[in-house]
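> Sharing model.cif here; it has mmCIF, C-alpha atoms, pLDDT in the B column; chains and numbers go by the auth columns.
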data_data
#
loop_
_atom_site.group_PDB
_atom_site.id
_atom_site.type_symbol
_atom_site.label_atom_id
_atom_site.label_comp_id
_atom_site.label_asym_id
_atom_site.label_seq_id
_atom_site.Cartn_x
_atom_site.Cartn_y
_atom_site.Cartn_z
_atom_site.B_iso_or_equiv
_atom_site.auth_seq_id
_atom_site.auth_asym_id
ATOM 1 C CA MET A 1 -1.521 -4.351 -16.852 59.00 1 A
ATOM 2 C CA GLN A 2 0.567 -2.033 -14.671 51.00 2 A
ATOM 3 C CA LYS A 3 0.192 -2.352 -10.916 46.00 3 A
ATOM 4 C CA MET A 4 0.529 0.698 -8.665 46.00 4 A
ATOM 5 C CA SER A 5 1.452 -0.283 -5.123 43.00 5 A
ATOM 6 C CA ILE A 6 1.025 2.195 -2.296 45.00 6 A
ATOM 7 C CA GLY A 7 3.031 1.805 0.896 43.00 7 A
ATOM 8 C CA PHE A 8 3.868 3.885 3.927 39.00 8 A
ATOM 9 C CA GLY A 9 6.809 3.945 6.326 37.00 9 A
ATOM 10 C CA VAL A 10 6.445 4.418 10.047 35.00 10 A
ATOM 11 C CA ALA A 11 8.169 7.220 11.947 36.00 11 A
ATOM 12 C CA LYS A 12 8.788 7.317 15.671 34.00 12 A
ATOM 13 C CA ASP A 13 10.639 9.683 17.990 38.00 13 A
ATOM 14 C CA GLU A 14 13.515 8.465 20.113 39.00 14 A
ATOM 15 C CA ASP A 15 14.601 9.856 23.485 42.00 15 A
ATOM 16 C CA GLN A 16 16.746 12.543 21.856 42.00 16 A
ATOM 17 C CA GLU A 17 14.847 15.263 20.078 46.00 17 A
ATOM 18 C CA ASP A 18 17.307 15.462 17.172 47.00 18 A
ATOM 19 C CA GLU A 19 17.064 11.790 16.238 53.00 19 A
ATOM 20 C CA ASN A 20 14.377 9.961 14.299 59.00 20 A
ATOM 21 C CA ILE A 21 14.006 6.328 13.278 59.00 21 A
ATOM 22 C CA PHE A 22 12.016 5.529 10.156 61.00 22 A
ATOM 23 C CA ALA A 23 11.237 1.841 9.779 58.00 23 A
ATOM 24 C CA GLY A 24 9.822 -0.159 6.900 56.00 24 A
ATOM 25 C CA ILE A 25 9.443 -3.871 6.282 52.00 25 A
ATOM 26 C CA THR A 26 12.959 -4.276 4.935 51.00 26 A
ATOM 27 C CA GLN A 27 14.789 -1.043 5.737 53.00 27 A
ATOM 28 C CA SER A 28 15.283 1.372 8.614 59.00 28 A
ATOM 29 C CA VAL A 29 17.330 4.533 8.955 60.00 29 A
ATOM 30 C CA LYS A 30 18.320 6.684 11.925 63.00 30 A
ATOM 31 C CA ILE A 31 18.768 10.384 11.201 60.00 31 A
ATOM 32 C CA SER A 32 20.317 12.971 13.515 64.00 32 A
ATOM 33 C CA GLY A 33 19.737 16.710 13.328 68.00 33 A
ATOM 34 C CA GLY A 34 16.309 16.669 11.700 72.00 34 A
ATOM 35 C CA VAL A 35 14.741 14.753 8.842 78.00 35 A
ATOM 36 C CA ASP A 36 16.790 14.320 5.665 82.00 36 A
ATOM 37 C CA TYR A 37 14.085 13.455 3.151 84.00 37 A
ATOM 38 C CA ASN A 38 16.584 12.807 0.366 87.00 38 A
ATOM 39 C CA LYS A 39 18.323 10.231 2.577 84.00 39 A
ATOM 40 C CA LEU A 40 14.987 8.600 3.344 83.00 40 A
ATOM 41 C CA CYS A 41 14.261 8.304 -0.375 87.00 41 A
ATOM 42 C CA HIS A 42 17.690 6.771 -0.959 84.00 42 A
ATOM 43 C CA VAL A 43 17.273 4.171 1.808 79.00 43 A
ATOM 44 C CA PHE A 44 13.720 3.196 0.834 79.00 44 A
ATOM 45 C CA GLY A 45 14.410 3.285 -2.898 84.00 45 A
ATOM 46 C CA SER A 46 11.930 6.016 -3.819 89.00 46 A
ATOM 47 C CA ASN A 47 12.197 9.350 -5.634 93.00 47 A
ATOM 48 C CA ILE A 48 11.069 12.872 -4.797 94.00 48 A
ATOM 49 C CA ILE A 49 7.866 13.924 -6.587 96.00 49 A
ATOM 50 C CA SER A 50 9.068 16.888 -8.613 95.00 50 A
ATOM 51 C CA PRO A 51 6.837 19.899 -9.386 96.00 51 A
ATOM 52 C CA GLU A 52 6.940 18.870 -13.049 97.00 52 A
ATOM 53 C CA LEU A 53 5.774 15.339 -12.257 97.00 53 A
ATOM 54 C CA LEU A 54 3.011 16.685 -10.032 97.00 54 A
ATOM 55 C CA GLN A 55 1.863 19.023 -12.825 97.00 55 A
ATOM 56 C CA ARG A 56 1.790 16.096 -15.248 98.00 56 A
ATOM 57 C CA PHE A 57 -0.239 14.032 -12.773 98.00 57 A
ATOM 58 C CA GLU A 58 -2.693 16.915 -12.361 97.00 58 A
ATOM 59 C CA ARG A 59 -3.023 17.343 -16.115 97.00 59 A
ATOM 60 C CA LEU A 60 -3.657 13.651 -16.794 97.00 60 A
ATOM 61 C CA THR A 61 -6.171 13.277 -13.941 97.00 61 A
ATOM 62 C CA HIS A 62 -8.186 16.434 -14.735 96.00 62 A
ATOM 63 C CA PRO A 63 -10.946 17.268 -13.783 96.00 63 A
ATOM 64 C CA VAL A 64 -10.337 15.481 -10.446 97.00 64 A
ATOM 65 C CA PRO A 65 -8.636 18.117 -8.261 97.00 65 A
ATOM 66 C CA LEU A 66 -5.184 17.413 -6.860 97.00 66 A
ATOM 67 C CA HIS A 67 -5.352 15.812 -3.417 97.00 67 A
ATOM 68 C CA PRO A 68 -4.275 18.139 -0.546 95.00 68 A
ATOM 69 C CA LEU A 69 -1.724 15.564 0.632 94.00 69 A
ATOM 70 C CA LEU A 70 -0.048 15.802 -2.770 95.00 70 A
ATOM 71 C CA LYS A 71 -0.521 19.532 -3.178 94.00 71 A
ATOM 72 C CA ARG A 72 1.063 20.280 0.221 94.00 72 A
ATOM 73 C CA GLY A 73 3.925 17.818 -0.268 92.00 73 A
ATOM 74 C CA ILE A 74 2.959 15.521 2.603 91.00 74 A
ATOM 75 C CA PHE A 75 3.137 12.630 0.145 92.00 75 A
ATOM 76 C CA TYR A 76 6.470 13.653 -1.315 92.00 76 A
ATOM 77 C CA SER A 77 8.066 10.546 -2.828 94.00 77 A
ATOM 78 C CA HIS A 78 7.129 7.780 -5.241 94.00 78 A
ATOM 79 C CA ARG A 79 8.176 4.666 -7.066 90.00 79 A
ATOM 80 C CA ASP A 80 7.501 4.359 -10.807 92.00 80 A
ATOM 81 C CA LEU A 81 4.956 7.193 -10.964 95.00 81 A
ATOM 82 C CA GLU A 82 6.383 8.157 -14.363 96.00 82 A
ATOM 83 C CA LEU A 83 5.682 4.631 -15.615 95.00 83 A
ATOM 84 C CA ILE A 84 2.147 4.794 -14.236 95.00 84 A
ATOM 85 C CA LEU A 85 1.489 8.084 -16.016 97.00 85 A
ATOM 86 C CA ASP A 86 3.091 6.803 -19.229 97.00 86 A
ATOM 87 C CA THR A 87 0.746 3.807 -19.136 96.00 87 A
ATOM 88 C CA LEU A 88 -2.263 6.007 -18.371 97.00 88 A
ATOM 89 C CA GLU A 89 -1.420 8.351 -21.233 96.00 89 A
ATOM 90 C CA THR A 90 -0.659 5.721 -23.884 97.00 90 A
ATOM 91 C CA LYS A 91 -2.890 2.766 -22.931 96.00 91 A
ATOM 92 C CA GLY A 92 -5.654 4.255 -20.792 96.00 92 A
ATOM 93 C CA PRO A 93 -6.979 3.461 -17.305 96.00 93 A
ATOM 94 C CA ASP A 94 -7.971 -0.116 -18.171 96.00 94 A
ATOM 95 C CA SER A 95 -4.251 -0.928 -18.267 96.00 95 A
ATOM 96 C CA LEU A 96 -3.794 0.099 -14.618 95.00 96 A
ATOM 97 C CA TYR A 97 -4.893 -1.215 -11.267 95.00 97 A
ATOM 98 C CA LEU A 98 -4.229 -0.244 -7.665 96.00 98 A
ATOM 99 C CA TYR A 99 -3.305 -2.900 -5.117 94.00 99 A
ATOM 100 C CA THR A 100 -3.444 -2.600 -1.342 95.00 100 A
ATOM 101 C CA GLY A 101 -4.625 -4.674 1.607 96.00 101 A
ATOM 102 C CA ARG A 102 -5.501 -5.076 5.244 96.00 102 A
ATOM 103 C CA GLY A 103 -4.691 -7.616 7.940 95.00 103 A
ATOM 104 C CA PRO A 104 -7.814 -7.973 10.151 96.00 104 A
ATOM 105 C CA SER A 105 -6.091 -7.876 13.547 94.00 105 A
ATOM 106 C CA SER A 106 -8.819 -5.692 15.099 95.00 106 A
ATOM 107 C CA SER A 107 -12.467 -4.962 14.408 96.00 107 A
ATOM 108 C CA SER A 108 -11.986 -1.276 13.583 95.00 108 A
ATOM 109 C CA LEU A 109 -9.540 0.858 11.617 95.00 109 A
ATOM 110 C CA HIS A 110 -7.667 3.762 13.209 92.00 110 A
ATOM 111 C CA LEU A 111 -6.489 6.836 11.294 92.00 111 A
ATOM 112 C CA GLY A 112 -3.195 5.209 10.340 90.00 112 A
ATOM 113 C CA HIS A 113 -5.132 2.367 8.713 92.00 113 A
ATOM 114 C CA LEU A 114 -7.696 4.614 7.062 94.00 114 A
ATOM 115 C CA LEU A 115 -5.340 7.142 5.476 94.00 115 A
ATOM 116 C CA PRO A 116 -3.925 4.724 2.853 94.00 116 A
ATOM 117 C CA PHE A 117 -7.429 3.550 1.941 97.00 117 A
ATOM 118 C CA MET A 118 -8.733 7.120 1.687 97.00 118 A
ATOM 119 C CA PHE A 119 -5.835 8.052 -0.579 97.00 119 A
ATOM 120 C CA THR A 120 -6.250 4.885 -2.649 97.00 120 A
ATOM 121 C CA SER A 121 -9.918 5.769 -3.109 98.00 121 A
ATOM 122 C CA TYR A 122 -8.837 9.207 -4.344 98.00 122 A
ATOM 123 C CA LEU A 123 -6.345 7.625 -6.760 97.00 123 A
ATOM 124 C CA GLN A 124 -9.054 5.344 -8.102 98.00 124 A
ATOM 125 C CA LYS A 125 -11.168 8.386 -8.946 98.00 125 A
ATOM 126 C CA ALA A 126 -8.209 10.341 -10.351 97.00 126 A
ATOM 127 C CA LEU A 127 -6.893 7.496 -12.514 97.00 127 A
ATOM 128 C CA ASN A 128 -10.325 5.965 -13.219 97.00 128 A
ATOM 129 C CA CYS A 129 -8.881 2.506 -12.644 97.00 129 A
ATOM 130 C CA SER A 130 -9.647 -0.720 -10.796 97.00 130 A
ATOM 131 C CA VAL A 131 -8.620 -1.496 -7.198 98.00 131 A
ATOM 132 C CA VAL A 132 -7.701 -4.872 -5.699 97.00 132 A
ATOM 133 C CA ILE A 133 -7.815 -5.114 -1.886 98.00 133 A
ATOM 134 C CA GLN A 134 -6.394 -8.237 -0.254 96.00 134 A
ATOM 135 C CA ILE A 135 -7.560 -9.216 3.239 97.00 135 A
ATOM 136 C CA THR A 136 -4.777 -11.299 4.815 95.00 136 A
ATOM 137 C CA ASP A 137 -6.896 -13.246 7.288 96.00 137 A
ATOM 138 C CA ASP A 138 -4.572 -16.264 6.981 94.00 138 A
ATOM 139 C CA GLU A 139 -1.612 -14.207 8.196 91.00 139 A
ATOM 140 C CA LYS A 140 -3.464 -13.015 11.303 93.00 140 A
ATOM 141 C CA LEU A 141 -4.627 -16.539 12.063 92.00 141 A
ATOM 142 C CA LEU A 142 -1.008 -17.748 12.029 89.00 142 A
ATOM 143 C CA TYR A 143 0.732 -14.829 13.732 84.00 143 A
ATOM 144 C CA ARG A 144 -1.873 -13.435 16.146 86.00 144 A
ATOM 145 C CA SER A 145 -3.473 -15.053 19.193 88.00 145 A
ATOM 146 C CA LEU A 146 -6.933 -14.733 17.697 92.00 146 A
ATOM 147 C CA SER A 147 -9.561 -17.346 16.955 94.00 147 A
ATOM 148 C CA GLU A 148 -10.747 -17.980 13.429 94.00 148 A
ATOM 149 C CA GLN A 149 -14.183 -16.657 14.451 96.00 149 A
ATOM 150 C CA GLN A 150 -12.683 -13.406 15.771 97.00 150 A
ATOM 151 C CA ILE A 151 -10.651 -12.889 12.607 96.00 151 A
ATOM 152 C CA GLN A 152 -13.744 -13.522 10.491 96.00 152 A
ATOM 153 C CA PHE A 153 -15.662 -10.915 12.495 97.00 153 A
ATOM 154 C CA ASN A 154 -12.770 -8.427 12.270 97.00 154 A
ATOM 155 C CA MET A 155 -12.574 -8.930 8.513 97.00 155 A
ATOM 156 C CA GLN A 156 -16.267 -8.227 7.991 97.00 156 A
ATOM 157 C CA GLU A 157 -16.077 -5.057 10.085 98.00 157 A
ATOM 158 C CA ASN A 158 -12.874 -3.925 8.355 97.00 158 A
ATOM 159 C CA ILE A 159 -14.419 -4.387 4.918 98.00 159 A
ATOM 160 C CA LYS A 160 -17.338 -2.159 5.938 97.00 160 A
ATOM 161 C CA ASP A 161 -14.871 0.565 6.954 97.00 161 A
ATOM 162 C CA ILE A 162 -12.933 0.159 3.705 98.00 162 A
ATOM 163 C CA ILE A 163 -16.072 0.388 1.560 97.00 163 A
ATOM 164 C CA ALA A 164 -17.024 3.569 3.452 97.00 164 A
ATOM 165 C CA CYS A 165 -13.894 5.242 2.074 97.00 165 A
ATOM 166 C CA GLY A 166 -15.773 5.719 -1.188 97.00 166 A
ATOM 167 C CA PHE A 167 -14.445 3.081 -3.574 98.00 167 A
ATOM 168 C CA ASN A 168 -16.233 2.526 -6.877 98.00 168 A
ATOM 169 C CA PRO A 169 -18.150 -0.787 -6.415 97.00 169 A
ATOM 170 C CA SER A 170 -17.935 -1.656 -10.112 97.00 170 A
ATOM 171 C CA LYS A 171 -14.138 -1.254 -10.145 98.00 171 A
ATOM 172 C CA THR A 172 -13.182 -2.652 -6.727 98.00 172 A
ATOM 173 C CA PHE A 173 -12.396 -6.262 -5.837 97.00 173 A
ATOM 174 C CA ILE A 174 -11.977 -7.183 -2.154 98.00 174 A
ATOM 175 C CA PHE A 175 -10.990 -10.744 -1.312 97.00 175 A
ATOM 176 C CA SER A 176 -10.020 -12.926 1.639 97.00 176 A
ATOM 177 C CA ASP A 177 -6.923 -15.110 1.347 95.00 177 A
ATOM 178 C CA ILE A 178 -8.648 -18.036 3.056 95.00 178 A
ATOM 179 C CA ALA A 179 -11.784 -17.822 0.921 95.00 179 A
ATOM 180 C CA TYR A 180 -9.911 -17.231 -2.331 94.00 180 A
ATOM 181 C CA ILE A 181 -6.893 -19.535 -1.923 93.00 181 A
ATOM 182 C CA SER A 182 -7.972 -21.861 -4.747 92.00 182 A
ATOM 183 C CA HIS A 183 -7.852 -18.929 -7.168 91.00 183 A
ATOM 184 C CA ILE A 184 -4.515 -17.459 -6.054 89.00 184 A
ATOM 185 C CA TYR A 185 -2.538 -20.651 -5.357 92.00 185 A
ATOM 186 C CA ARG A 186 -1.120 -20.738 -8.889 93.00 186 A
ATOM 187 C CA ASN A 187 0.337 -17.258 -8.387 89.00 187 A
ATOM 188 C CA ILE A 188 1.656 -18.280 -4.963 88.00 188 A
ATOM 189 C CA LEU A 189 3.578 -21.122 -6.608 94.00 189 A
ATOM 190 C CA ARG A 190 4.977 -18.797 -9.270 94.00 190 A
ATOM 191 C CA ILE A 191 6.273 -16.444 -6.578 89.00 191 A
ATOM 192 C CA GLN A 192 7.601 -19.351 -4.517 90.00 192 A
ATOM 193 C CA GLN A 193 9.678 -20.503 -7.495 94.00 193 A
ATOM 194 C CA LEU A 194 11.358 -17.111 -7.744 91.00 194 A
ATOM 195 C CA ILE A 195 12.364 -16.355 -4.147 90.00 195 A
ATOM 196 C CA THR A 196 14.451 -18.119 -1.500 91.00 196 A
ATOM 197 C CA THR A 197 13.834 -18.493 2.232 89.00 197 A
ATOM 198 C CA SER A 198 16.479 -15.812 2.886 89.00 198 A
ATOM 199 C CA GLN A 199 14.644 -13.409 0.566 86.00 199 A
ATOM 200 C CA VAL A 200 11.342 -14.113 2.335 83.00 200 A
ATOM 201 C CA LYS A 201 12.989 -13.214 5.654 82.00 201 A
ATOM 202 C CA ALA A 202 14.314 -9.961 4.178 76.00 202 A
ATOM 203 C CA ILE A 203 11.037 -9.025 2.487 73.00 203 A
ATOM 204 C CA PHE A 204 8.713 -9.700 5.418 73.00 204 A
ATOM 205 C CA GLY A 205 11.077 -9.276 8.358 74.00 205 A
ATOM 206 C CA VAL A 206 10.433 -12.763 9.717 77.00 206 A
ATOM 207 C CA THR A 207 12.929 -14.852 11.697 81.00 207 A
ATOM 208 C CA ASP A 208 13.519 -18.569 12.237 83.00 208 A
ATOM 209 C CA SER A 209 11.285 -18.493 15.303 79.00 209 A
ATOM 210 C CA ASP A 210 8.256 -17.005 13.489 68.00 210 A
#
Would you mind giving the structure from this file in structure tokens?

Amino acid sequence: MQKMSIGFGVAKDEDQEDENIFAGITQSVKISGGVDYNKLCHVFGSNIISPELLQRFERLTHPVPLHPLLKRGIFYSHRDLELILDTLETKGPDSLYLYTGRGPSSSSLHLGHLLPFMFTSYLQKALNCSVVIQITDDEKLLYRSLSEQQIQFNMQENIKDIIACGFNPSKTFIFSDIAYISHIYRNILRIQQLITTSQVKAIFGVTDSD
């Protein structure tokens, strides 16, 4: 089964108008004189969505109309979209799933939180595939000054907001790390065997004091 992972970088303005910093979990880039989207793709390891690729996506997801964020080029880059479409075309939607998640640090979602879920919901309809949504309540318990009761409340409220984005109930699985640890621990061990402490620091941006 092919996984399609959806992620977003964060952009912020610096004091000078001609400079921008774009930061991700493992990479950041400072650009002077406007935004160089090709440079951003190079740094973050993604590729520009070409008109031909967009046409192929539209053809394979018909009759679901192309999302405005794709049509207008606001979502302009991708990783492995060709592979996703190859799998959809040759093996069908049952060979795909979408994976995303939410850390319940607050009881409500702002627009920056909602946008990825709204777009994931669209992709579920377009690709007719399953969605897995991981709630990282364990992470917030360890790295935020919140009680277990507050995190539990936040998680329940967050899940309501996520469901309201229009996901297909029969093809959507939402789970809590704490509640589901017995089922995912085997996969945790498999991942732990493959990565070092240095790689964990690079992937998640943690330091020795975290």
> What do you get, as a list of chain:residue names, if you spell out every residue that the PyMOL selection byres ((chain A and resi 60) around 9) selects here?
A:Gln55, A:Arg56, A:Phe57, A:Glu58, A:Arg59, A:Thr61, A:His62, A:Pro63, A:Leu85, A:Leu88, A:Glu89, A:Ala126, A:Leu127
> Would you kindly translate the PyMOL selection byres ((chain A and resi 167) around 9) into the concrete residues it picks from this file, as a tab-separated table (two decimals) with C-alpha atoms, in the coordinates of the input?

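Result file is part.tsv:
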chain	number	residue	atom	x	y	z
A	117	PHE	CA	-7.43	3.55	1.94
A	118	MET	CA	-8.73	7.12	1.69
A	120	THR	CA	-6.25	4.88	-2.65
A	121	SER	CA	-9.92	5.77	-3.11
A	122	TYR	CA	-8.84	9.21	-4.34
A	124	GLN	CA	-9.05	5.34	-8.10
A	125	LYS	CA	-11.17	8.39	-8.95
A	131	VAL	CA	-8.62	-1.50	-7.20
A	162	ILE	CA	-12.93	0.16	3.70
A	163	ILE	CA	-16.07	0.39	1.56
A	164	ALA	CA	-17.02	3.57	3.45
A	165	CYS	CA	-13.89	5.24	2.07
A	166	GLY	CA	-15.77	5.72	-1.19
A	168	ASN	CA	-16.23	2.53	-6.88
A	169	PRO	CA	-18.15	-0.79	-6.42
A	170	SER	CA	-17.93	-1.66	-10.11
A	171	LYS	CA	-14.14	-1.25	-10.14
A	172	THR	CA	-13.18	-2.65	-6.73
> Using only C-alpha atoms, find the one residue out of A:Leu40, A:Lys91, A:Tyr97, A:Ser108 that sits nearest to Lys160 (chain A).
A:Ser108
> Could you check which of A:Thr100, A:Leu141, A:Val206, A:Leu70 is closest to Leu114 (chain A), using all atoms listed in the file?
A:Thr100
> The PyMOL selection byres ((chain A and resi 135) around 12) - which residues does that actually catch in the file I just gave you? List them as JSON, numbers by chain.
{"A": [99, 100, 101, 102, 103, 104, 105, 132, 133, 134, 136, 137, 138, 139, 140, 141, 151, 152, 154, 155, 156, 157, 158, 159, 162, 173, 174, 175, 176, 177, 178, 179, 180, 181]}
> Select, from A:Pro116, A:Asp36, A:Leu142, A:Ser198, the residue with the minimum atom-to-atom distance to Leu69 (chain A), counting all atoms listed in the file.
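Of A:Pro116, A:Asp36, A:Leu142, A:Ser198, the one nearest Leu69 (chain A), counting all atoms listed in the file, is A:Pro116.
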> CA of Val200 (chain A) to CA of Asn187 (chain A): how many Å, to one decimal?
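Atom-to-atom, CA of Val200 (chain A) to CA of Asn187 (chain A), that is 15.7 Å.
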